[in-house]
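**Student:** Questions regarding the structure given below will be posed in turn.
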Amino acid sequence: MTDFPPATRIATNGITLAVHLAGPEDGQPLILAHGWPELAWSWKNQIGVLAGAGYRVIAPDLRGFGGSDCPEGADAYDIDTLVGDLTGLLDALGHETAIFAGHDWGGIIVWHAAMLAPQRVAGVIGVNTPHLPRGAEPPTNTFRQIGGEDHYILRFQEPGFAESRFEGREDDFFAFIFGTPVEGDPEDLYPQVTHIPKQFESFEDRPEDRIVVGPEDRAVYAGAYRATGFTPGINLYRNFDANWQRMGGVDHRLAMPCLMVSAEKDFMLPPKLAGWMPALCKDVEFQIIEGCGHWTMWEAPEVLNAHMLDWLQRRFPAAGN
């Protein structure tokens, strides 16, 4: 596998993103969108494999993360803006379309890109994050029903609350957040499993065999978040209700080829959430990675790479394949 490619700073949508590019310049473009609290570094184990198979890999730090610009204010992180960053990236690189792959928040963004800019999205790969119908009420109401007021997404709505817990403890935070999957019946884990800031307050340490990301890689995340703080990334969460309002009346049905890779032990995004997708996606395939928790790119890189490549090479064969 090739080394993690250095960042190229690319202007898009009024800001500049740090973008990691790999693979042949004339290859099929493939955008990799990370989630929270992550970076393009999260695709470290995928980039070389995908580029080596002939795909033009485009892996940005999203706005608010890592080496990319971090505009102030939650309104700079709404879904139209996040999608515009990626389509603007295609413009800057001279690509009409790309396959959009996303994990966690990156998954939310790429599914919305498929709805809001379908002419730019050749296909979609969701990693853990499914394509969902629009709910009947604002998402924060649903999160409150699931986890009460200590649900992390509700706490994230409060400016400074989560930041005051996480900042200054970056090394501890990434040892905490990248823990191995929680064991037990999923129904028995709620609501406490959603109380991330509250749980972290009492976190002290855990052995390395209970952390799915090694210390050298965790140090990359910790260093990046010491530089940017946590506010810019958390601003994505502060748009949940505004994004829900925005998507009213938008057709959620997708015609382009889609792949959904779920993880058996991701209790925040369980495989059952993908049950809606056959009704929304005209052309969709499903895979479930057994024994895998939320951090799929780290926990099961070879299995994920195999699923992605199998689908890509059948549906979007790279030149020479």
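Labels used: A, B, ... for chains in the order of the structure tokens, numbers from 1 for residues in each chain, and numbers from 1 for ligands as shown.
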Which polymer residues have any atom within 7 Å of an atom of A:His103, counting only C-alpha atoms, with same-chain residues fewer than 2 positions away left out, as a PyMOL selection string?

**Tutor:** chain A and resi 33-35+105-107+126-129

**Student:** How would you write, as a ChimeraX atom specification, the set of residues in stretch 65-235 of chain A that DSSP gives as strand (DSSP E or B)?

**Tutor:** /A:98-103,121-127,179,211

**Student:** Residues near A:Cys70, anyone? I mean within 8 Å using only C-alpha atoms, not counting same-chain ones fewer than 5 positions away, as a list in words.

**Tutor:**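 Result of the neighbour search: Arg63, Gly64, Phe65, Thr228 and Pro232 of chain A.
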
**Student:** Would you mind telling me which residue in A:Phe156, A:Glu216, A:Thr231, A:Met256 lies nearest to A:Arg120 when using only C-alpha atoms?

**Tutor:**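 Using only C-alpha atoms, the shortest distance to A:Arg120 belongs to A:Met256.
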
**Student:** Need to verify the contact set: stretch 91-102 of chain A, 10 Å, only C-alpha atoms, exclusion of same-chain residues closer than 4 positions in sequence. Can you return it as a PyMOL selection string?

**Tutor:** chain A and resi 10-13+25-26+28-35+55-59+85-87+106-111+113-114+117-130+256-260+308+312+316
